[in-house]
file my_file35.csv (CSV, N, CA and C atoms)
chain,number,residue,atom,x,y,z
Z,105,MET,N,-3.9,-16.0,1.5
Z,105,MET,CA,-3.9,-15.7,0.1
Z,105,MET,C,-3.6,-17.0,-0.7
Z,106,ARG,N,-4.4,-17.2,-1.7
Z,106,ARG,CA,-4.3,-18.4,-2.5
Z,106,ARG,C,-2.9,-18.6,-3.2
Z,107,GLU,N,-2.4,-17.5,-3.8
Z,107,GLU,CA,-1.1,-17.6,-4.5
Z,107,GLU,C,0.0,-18.1,-3.6
Z,108,LEU,N,0.0,-17.7,-2.3
Z,108,LEU,CA,1.1,-18.1,-1.4
Z,108,LEU,C,1.1,-19.6,-1.1
Z,109,ALA,N,-0.1,-20.3,-1.3
Z,109,ALA,CA,-0.2,-21.7,-1.1
Z,109,ALA,C,0.3,-22.5,-2.2
Z,110,GLN,N,0.7,-21.9,-3.3
Z,110,GLN,CA,1.2,-22.7,-4.5
Z,110,GLN,C,2.6,-23.2,-4.1
Z,111,LYS,N,3.0,-24.2,-4.9
Z,111,LYS,CA,4.4,-24.8,-4.6
Z,111,LYS,C,5.5,-23.8,-4.9
Z,112,GLU,N,5.3,-23.0,-6.0
Z,112,GLU,CA,6.3,-22.0,-6.3
Z,112,GLU,C,5.5,-20.7,-6.6
Z,113,PRO,N,5.1,-20.0,-5.5
Z,113,PRO,CA,4.3,-18.8,-5.7
Z,113,PRO,C,5.0,-17.7,-6.4
Z,114,PHE,N,4.3,-16.8,-7.1
Z,114,PHE,CA,4.9,-15.7,-7.8
Z,114,PHE,C,5.0,-14.5,-6.8
Z,115,THR,N,6.0,-14.6,-6.0
Z,115,THR,CA,6.1,-13.6,-5.0
Z,115,THR,C,6.3,-12.2,-5.5
Z,116,ASP,N,6.9,-12.0,-6.7
Z,116,ASP,CA,7.1,-10.7,-7.2
Z,116,ASP,C,5.7,-10.1,-7.6
Z,117,ILE,N,4.8,-10.9,-8.1
Z,117,ILE,CA,3.5,-10.4,-8.5
Z,117,ILE,C,2.7,-10.0,-7.2
Z,118,VAL,N,2.8,-10.9,-6.2
Z,118,VAL,CA,2.1,-10.6,-5.0
Z,118,VAL,C,2.6,-9.3,-4.4
Z,119,CYS,N,3.9,-9.1,-4.3
Z,119,CYS,CA,4.5,-7.9,-3.8
Z,119,CYS,C,4.1,-6.7,-4.6
Z,120,PHE,N,4.1,-6.8,-5.9
Z,120,PHE,CA,3.7,-5.7,-6.8
Z,120,PHE,C,2.3,-5.3,-6.4
Z,121,HIS,N,1.4,-6.2,-6.3
Z,121,HIS,CA,0.0,-5.9,-6.0
Z,121,HIS,C,-0.2,-5.4,-4.6
Z,122,ALA,N,0.6,-5.8,-3.7
Z,122,ALA,CA,0.6,-5.2,-2.3
Z,122,ALA,C,0.9,-3.8,-2.4
Z,123,GLN,N,2.0,-3.4,-3.1
Z,123,GLN,CA,2.4,-2.0,-3.3
Z,123,GLN,C,1.3,-1.2,-3.9
Z,124,GLN,N,0.7,-1.8,-5.0
Z,124,GLN,CA,-0.4,-1.1,-5.7
Z,124,GLN,C,-1.6,-0.8,-4.8
Z,125,ALA,N,-1.9,-1.8,-4.0
Z,125,ALA,CA,-3.1,-1.7,-3.1
Z,125,ALA,C,-2.8,-0.6,-2.1
Z,126,ALA,N,-1.6,-0.6,-1.5
Z,126,ALA,CA,-1.2,0.4,-0.5
Z,126,ALA,C,-1.2,1.8,-1.2
Z,127,GLU,N,-0.7,1.9,-2.4
Z,127,GLU,CA,-0.7,3.2,-3.1
Z,127,GLU,C,-2.2,3.7,-3.3
Z,128,LYS,N,-3.1,2.8,-3.7
Z,128,LYS,CA,-4.5,3.2,-3.9
Z,128,LYS,C,-5.1,3.6,-2.6
Z,129,TYR,N,-4.9,2.9,-1.5
Z,129,TYR,CA,-5.4,3.2,-0.2
Z,129,TYR,C,-5.0,4.6,0.2
Z,130,LEU,N,-3.7,4.9,0.0
Z,130,LEU,CA,-3.1,6.2,0.4
Z,130,LEU,C,-3.7,7.3,-0.4
Z,131,LYS,N,-3.8,7.1,-1.7
Z,131,LYS,CA,-4.3,8.2,-2.6
Z,131,LYS,C,-5.8,8.4,-2.3
Z,132,GLY,N,-6.5,7.4,-2.1
Z,132,GLY,CA,-7.9,7.5,-1.7
Z,132,GLY,C,-8.1,8.3,-0.4
Z,133,TYR,N,-7.2,8.0,0.6
Z,133,TYR,CA,-7.2,8.6,1.9
Z,133,TYR,C,-6.8,10.1,1.7
Z,134,LEU,N,-5.9,10.4,0.9
Z,134,LEU,CA,-5.5,11.8,0.6
Z,134,LEU,C,-6.7,12.6,0.0
Z,135,VAL,N,-7.4,12.0,-0.9
Z,135,VAL,CA,-8.6,12.6,-1.5
Z,135,VAL,C,-9.6,12.9,-0.3
Z,136,TRP,N,-9.8,11.9,0.5
Z,136,TRP,CA,-10.7,12.1,1.6
Z,136,TRP,C,-10.3,13.2,2.6
Z,137,LEU,N,-8.9,13.3,2.7
Z,137,LEU,CA,-8.4,14.4,3.6
Z,137,LEU,C,-8.4,15.8,2.9
Z,138,ASP,N,-8.9,15.8,1.6
Z,138,ASP,CA,-8.9,17.0,0.8
Z,138,ASP,C,-7.5,17.5,0.4
Z,139,ILE,N,-6.6,16.5,0.1
Z,139,ILE,CA,-5.3,16.7,-0.4
Z,139,ILE,C,-5.1,16.1,-1.8
Z,140,GLU,N,-4.6,16.9,-2.7
Z,140,GLU,CA,-4.4,16.4,-4.0
Z,140,GLU,C,-3.2,15.4,-4.0
Z,141,PRO,N,-3.5,14.2,-4.4
Z,141,PRO,CA,-2.4,13.2,-4.4
Z,141,PRO,C,-1.3,13.5,-5.4
Z,142,LYS,N,-0.1,13.2,-5.1
Z,142,LYS,CA,1.0,13.3,-6.1
Z,142,LYS,C,0.9,12.1,-7.1
Z,143,ARG,N,1.5,12.4,-8.2
Z,143,ARG,CA,1.6,11.3,-9.2
Z,143,ARG,C,3.0,10.6,-8.9
Z,144,THR,N,2.9,9.7,-8.0
Z,144,THR,CA,4.1,9.0,-7.6
Z,144,THR,C,3.8,7.6,-7.1
Z,145,HIS,N,4.7,6.7,-7.2
Z,145,HIS,CA,4.6,5.4,-6.6
Z,145,HIS,C,5.3,5.3,-5.2
Z,146,ASP,N,5.9,6.4,-4.8
Z,146,ASP,CA,6.7,6.4,-3.6
Z,146,ASP,C,5.7,6.6,-2.4
Z,147,LEU,N,5.5,5.5,-1.7
Z,147,LEU,CA,4.6,5.4,-0.6
Z,147,LEU,C,5.0,6.3,0.6
Z,148,GLU,N,6.3,6.5,0.8
Z,148,GLU,CA,6.8,7.3,1.8
Z,148,GLU,C,6.4,8.8,1.6
Z,149,ASP,N,6.5,9.2,0.3
Z,149,ASP,CA,6.1,10.6,0.0
Z,149,ASP,C,4.6,10.8,0.2
Z,150,LEU,N,3.8,9.8,-0.1
Z,150,LEU,CA,2.4,9.9,0.0
Z,150,LEU,C,2.0,9.9,1.5
Z,151,VAL,N,2.7,9.1,2.4
Z,151,VAL,CA,2.4,9.1,3.8
Z,151,VAL,C,2.8,10.5,4.4
Z,152,LEU,N,3.9,11.0,3.9
Z,152,LEU,CA,4.3,12.4,4.4
Z,152,LEU,C,3.3,13.4,4.1
Z,153,LEU,N,2.7,13.3,2.9
Z,153,LEU,CA,1.7,14.2,2.5
Z,153,LEU,C,0.4,14.1,3.3
Z,154,ALA,N,0.0,12.8,3.6
Z,154,ALA,CA,-1.1,12.6,4.5
Z,154,ALA,C,-0.8,13.1,5.9
Z,155,GLY,N,0.4,13.0,6.3
Z,155,GLY,CA,0.8,13.4,7.6
Z,155,GLY,C,0.7,14.9,7.9
Z,156,THR,N,0.5,15.7,6.8
Z,156,THR,CA,0.2,17.1,7.0
Z,156,THR,C,-1.1,17.4,7.6
Z,157,LYS,N,-2.1,16.4,7.5
Z,157,LYS,CA,-3.4,16.5,8.2
Z,157,LYS,C,-3.6,15.5,9.2
Z,158,ASP,N,-2.8,14.4,9.1
Z,158,ASP,CA,-3.0,13.3,10.1
Z,158,ASP,C,-1.6,12.8,10.5
Z,159,LYS,N,-1.2,13.4,11.6
Z,159,LYS,CA,0.2,13.1,12.1
Z,159,LYS,C,0.4,11.7,12.5
Z,160,GLU,N,-0.7,11.0,13.0
Z,160,GLU,CA,-0.6,9.6,13.4
Z,160,GLU,C,-0.2,8.7,12.3
Z,161,ILE,N,-0.5,9.0,11.1
Z,161,ILE,CA,-0.2,8.1,10.0
Z,161,ILE,C,1.3,7.9,9.8
Z,162,LEU,N,2.0,8.9,10.3
Z,162,LEU,CA,3.5,8.9,10.1
Z,162,LEU,C,4.2,7.7,10.7
Z,163,VAL,N,3.5,7.0,11.7
Z,163,VAL,CA,4.1,5.8,12.3
Z,163,VAL,C,4.2,4.7,11.3
Z,164,LEU,N,3.4,4.8,10.2
Z,164,LEU,CA,3.5,3.7,9.1
Z,164,LEU,C,4.5,4.0,8.1
Z,165,LYS,N,5.1,5.2,8.1
Z,165,LYS,CA,6.0,5.6,7.0
Z,165,LYS,C,7.1,4.6,6.7
Z,166,ASP,N,7.9,4.2,7.7
Z,166,ASP,CA,9.0,3.3,7.4
Z,166,ASP,C,8.6,1.9,6.9
Z,167,MET,N,7.5,1.5,7.5
Z,167,MET,CA,6.9,0.2,7.0
Z,167,MET,C,6.5,0.3,5.5
Z,168,LEU,N,5.8,1.3,5.2
Z,168,LEU,CA,5.3,1.5,3.8
Z,168,LEU,C,6.4,1.7,2.8
Z,169,ALA,N,7.5,2.3,3.3
Z,169,ALA,CA,8.7,2.5,2.4
Z,169,ALA,C,9.2,1.2,1.9
Z,170,GLU,N,9.0,0.1,2.7
Z,170,GLU,CA,9.5,-1.2,2.3
Z,170,GLU,C,8.8,-1.7,1.0
Z,171,LEU,N,7.6,-1.2,0.8
Z,171,LEU,CA,6.8,-1.6,-0.4
Z,171,LEU,C,7.2,-0.9,-1.7
Z,172,THR,N,7.7,0.3,-1.6
Z,172,THR,CA,7.9,1.2,-2.7
Z,172,THR,C,8.7,0.5,-3.8
Z,173,PRO,N,9.8,-0.2,-3.5
Z,173,PRO,CA,10.5,-0.8,-4.6
Z,173,PRO,C,9.7,-1.8,-5.5
Z,174,PHE,N,8.7,-2.4,-4.9
Z,174,PHE,CA,7.9,-3.3,-5.7
Z,174,PHE,C,7.0,-2.7,-6.8
Z,175,ALA,N,6.9,-1.4,-6.8
Z,175,ALA,CA,6.1,-0.7,-7.8
Z,175,ALA,C,6.7,-0.8,-9.2
Z,176,VAL,N,8.1,-0.8,-9.3
Z,176,VAL,CA,8.7,-0.7,-10.6
Z,176,VAL,C,9.8,-1.8,-10.8
Z,177,GLU,N,10.5,-2.1,-9.7
Z,177,GLU,CA,11.7,-3.0,-9.9
Z,177,GLU,C,11.3,-4.4,-10.4
Z,178,PRO,N,10.2,-5.0,-10.1
Z,178,PRO,CA,9.9,-6.3,-10.7
Z,178,PRO,C,9.9,-6.3,-12.2
Z,179,ARG,N,9.8,-5.2,-12.9
Z,179,ARG,CA,9.8,-5.2,-14.3
Z,179,ARG,C,11.1,-5.4,-15.0
Z,180,TYR,N,12.2,-5.4,-14.1
Z,180,TYR,CA,13.5,-5.5,-14.7
Z,180,TYR,C,14.1,-6.9,-14.3
Z,181,PRO,N,14.9,-7.5,-15.3
Z,181,PRO,CA,15.4,-8.8,-15.1
Z,181,PRO,C,16.4,-9.0,-13.9
Z,182,GLU,N,17.1,-7.9,-13.5
Z,182,GLU,CA,18.0,-8.0,-12.4
Z,182,GLU,C,17.3,-8.0,-11.0
Z,183,PHE,N,16.0,-7.8,-11.0
Z,183,PHE,CA,15.3,-7.7,-9.8
Z,183,PHE,C,15.3,-9.1,-9.1
Z,184,GLU,N,15.6,-9.2,-7.9
Z,184,GLU,CA,15.7,-10.4,-7.1
Z,184,GLU,C,14.3,-10.7,-6.6
Z,185,GLU,N,13.8,-11.9,-6.9
Z,185,GLU,CA,12.5,-12.4,-6.4
Z,185,GLU,C,12.4,-12.2,-4.9
Z,186,PRO,N,11.3,-11.6,-4.4
Z,186,PRO,CA,11.2,-11.5,-2.9
Z,186,PRO,C,11.0,-12.9,-2.3
Z,187,SER,N,11.5,-13.1,-1.1
Z,187,SER,CA,11.3,-14.4,-0.4
Z,187,SER,C,9.9,-14.5,0.0
Z,188,LEU,N,9.5,-15.7,0.4
Z,188,LEU,CA,8.1,-15.9,0.9
Z,188,LEU,C,7.9,-15.1,2.2
Z,189,ASN,N,8.9,-15.0,3.0
Z,189,ASN,CA,8.7,-14.1,4.2
Z,189,ASN,C,8.6,-12.7,3.9
Z,190,ASP,N,9.3,-12.2,2.9
Z,190,ASP,CA,9.2,-10.8,2.5
Z,190,ASP,C,7.8,-10.5,1.9
Z,191,THR,N,7.3,-11.5,1.2
Z,191,THR,CA,5.9,-11.4,0.6
Z,191,THR,C,4.9,-11.4,1.6
Z,192,LYS,N,5.0,-12.3,2.6
Z,192,LYS,CA,4.0,-12.3,3.7
Z,192,LYS,C,4.1,-10.9,4.5
Z,193,ARG,N,5.3,-10.4,4.6
Z,193,ARG,CA,5.4,-9.1,5.3
Z,193,ARG,C,4.7,-8.0,4.5
Z,194,ALA,N,4.9,-8.0,3.1
Z,194,ALA,CA,4.2,-7.0,2.3
Z,194,ALA,C,2.7,-7.1,2.4
Z,195,ILE,N,2.2,-8.3,2.5
Z,195,ILE,CA,0.7,-8.4,2.7
Z,195,ILE,C,0.3,-7.9,4.1
Z,196,LYS,N,1.1,-8.1,5.1
Z,196,LYS,CA,0.8,-7.6,6.5
Z,196,LYS,C,0.8,-6.1,6.5
Z,197,ILE,N,1.8,-5.5,5.8
Z,197,ILE,CA,1.9,-4.1,5.8
Z,197,ILE,C,0.7,-3.4,5.2
Z,198,VAL,N,0.3,-3.9,4.0
Z,198,VAL,CA,-0.9,-3.3,3.3
Z,198,VAL,C,-2.1,-3.5,4.1
Z,199,GLN,N,-2.2,-4.7,4.9
Z,199,GLN,CA,-3.4,-4.9,5.7
Z,199,GLN,C,-3.4,-3.9,6.9
Z,200,GLU,N,-2.3,-3.6,7.4
Z,200,GLU,CA,-2.2,-2.6,8.5
Z,200,GLU,C,-2.6,-1.2,8.0
Z,201,LEU,N,-2.2,-0.9,6.8
Z,201,LEU,CA,-2.6,0.4,6.3
Z,201,LEU,C,-4.1,0.4,6.0
Z,202,LYS,N,-4.6,-0.6,5.4
Z,202,LYS,CA,-6.1,-0.7,5.2
Z,202,LYS,C,-6.8,-0.5,6.5
Z,203,ASP,N,-6.4,-1.3,7.5
Z,203,ASP,CA,-7.1,-1.2,8.8
Z,203,ASP,C,-7.1,0.2,9.4
Z,204,TYR,N,-5.9,0.8,9.3
Z,204,TYR,CA,-5.7,2.2,9.8
Z,204,TYR,C,-6.6,3.2,9.1
Z,205,ILE,N,-6.7,3.1,7.8
Z,205,ILE,CA,-7.5,4.1,7.0
Z,205,ILE,C,-9.0,3.8,7.3
Z,206,LEU,N,-9.4,2.5,7.2
Z,206,LEU,CA,-10.8,2.2,7.4
Z,206,LEU,C,-11.4,2.6,8.8
Z,207,LYS,N,-10.5,2.7,9.8
Z,207,LYS,CA,-10.9,3.1,11.1
Z,207,LYS,C,-11.1,4.6,11.1
Z,208,ARG,N,-10.6,5.3,10.2
Z,208,ARG,CA,-10.7,6.8,10.2
Z,208,ARG,C,-11.7,7.4,9.3
Z,209,VAL,N,-12.0,6.7,8.2
Z,209,VAL,CA,-13.0,7.1,7.2
Z,209,VAL,C,-14.4,6.8,7.7
Z,210,PRO,N,-15.3,7.7,7.7
Z,210,PRO,CA,-16.7,7.4,8.1
Z,210,PRO,C,-17.3,6.4,7.2
Z,211,GLU,N,-18.3,5.7,7.8
Z,211,GLU,CA,-19.0,4.7,7.0
Z,211,GLU,C,-19.6,5.2,5.8
Z,212,GLU,N,-20.2,6.4,5.8
Z,212,GLU,CA,-20.8,7.0,4.6
Z,212,GLU,C,-19.8,7.1,3.4
Z,213,ALA,N,-18.6,7.5,3.7
Z,213,ALA,CA,-17.5,7.6,2.7
Z,213,ALA,C,-17.2,6.3,2.1
Z,214,LYS,N,-17.2,5.2,2.9
Z,214,LYS,CA,-16.9,3.9,2.5
Z,214,LYS,C,-18.0,3.4,1.5
Z,215,ASN,N,-19.2,3.7,1.9
Z,215,ASN,CA,-20.4,3.3,1.1
Z,215,ASN,C,-20.4,4.0,-0.2
Z,216,GLU,N,-20.1,5.3,-0.2
Z,216,GLU,CA,-20.0,6.1,-1.4
Z,216,GLU,C,-18.9,5.6,-2.4
Z,217,ALA,N,-17.8,5.2,-1.8
Z,217,ALA,CA,-16.7,4.6,-2.6
Z,217,ALA,C,-17.1,3.4,-3.4
Z,218,HIS,N,-17.9,2.5,-2.7
Z,218,HIS,CA,-18.4,1.3,-3.3
Z,218,HIS,C,-19.4,1.5,-4.4
Z,219,LYS,N,-20.1,2.6,-4.4
Z,219,LYS,CA,-21.1,2.9,-5.4
Z,219,LYS,C,-20.4,3.3,-6.8
Z,220,GLY,N,-19.3,4.1,-6.7
Z,220,GLY,CA,-18.7,4.6,-7.9
Z,220,GLY,C,-17.8,3.6,-8.5
call {"tool": "encode", "arguments": {"input": "my_file35.csv", "output": "structure tokens"}}
result
Amino acid sequence: MRELAQKEPFTDIVCFHAQQAAEKYLKGYLVWLDIEPKRTHDLEDLVLLAGTKDKEILVLKDMLAELTPFAVEPRYPEFEEPSLNDTKRAIKIVQELKDYILKRVPEEAKNEAHKG
């Protein structure tokens, strides 16, 4: 990721976007599973909801819970900037979720998503 190569990367922004990407992947997966997504930023809640139809996704629950604080906390001045290692971990977590979901969703659904 280009931002991480900077002398002083904006780790808070990268972590925020990692959380947002994970949230969108989960909500899209829920729709594909024919489950109404909750209006929440809590990734653990979304994984538990997906787990009602896909028990295997529950192995990602604890990992994804690490990203949830990045949804809101960076907006507040007392938020501590994530370290570079934490930021790299956030990217790794969202990549694992992406890979997990893309392996389960049929090719036709992926193509349909890119049209809309």
call {"tool": "closest_residue", "arguments": {"input": "my_file35.csv", "among": "Z:Val135, Z:Ala154, Z:Val163, Z:Leu168", "to": "Gln199 of chain Z", "atoms": "only C-alpha atoms"}}
result
Z:Leu168
call {"tool": "atom_distance", "arguments": {"input": "my_file35.csv", "atom1": "atom N of Gly132 of chain Z", "atom2": "atom N of Pro186 of chain Z"}}
result
26.1 Å
call {"tool": "closest_residue", "arguments": {"input": "my_file35.csv", "among": "Z:Lys196, Z:Thr172, Z:Leu130, Z:Phe114", "to": "Leu153 of chain Z", "atoms": "only C-alpha atoms"}}
result
Z:Leu130
call {"tool": "atom_distance", "arguments": {"input": "my_file35.csv", "atom1": "atom CA of Leu147 of chain Z", "atom2": "atom CA of Ile205 of chain Z"}}
result
14.3 Å
call {"tool": "atom_distance", "arguments": {"input": "my_file35.csv", "atom1": "atom N of Leu152 of chain Z", "atom2": "atom C of Leu206 of chain Z"}}
result
18.1 Å
call {"tool": "closest_residue", "arguments": {"input": "my_file35.csv", "among": "Z:Asp138, Z:Glu170, Z:Glu185, Z:Glu127", "to": "Val151 of chain Z", "atoms": "only C-alpha atoms"}}
result
Z:Glu127
call {"tool": "select_by_dssp", "arguments": {"input": "my_file35.csv", "residues": "segment 137-198 of chain Z", "states": "alpha helix (DSSP H)", "output": "NGL selection string"}}
result
:Z and (147-154 or 165-169 or 188-198)
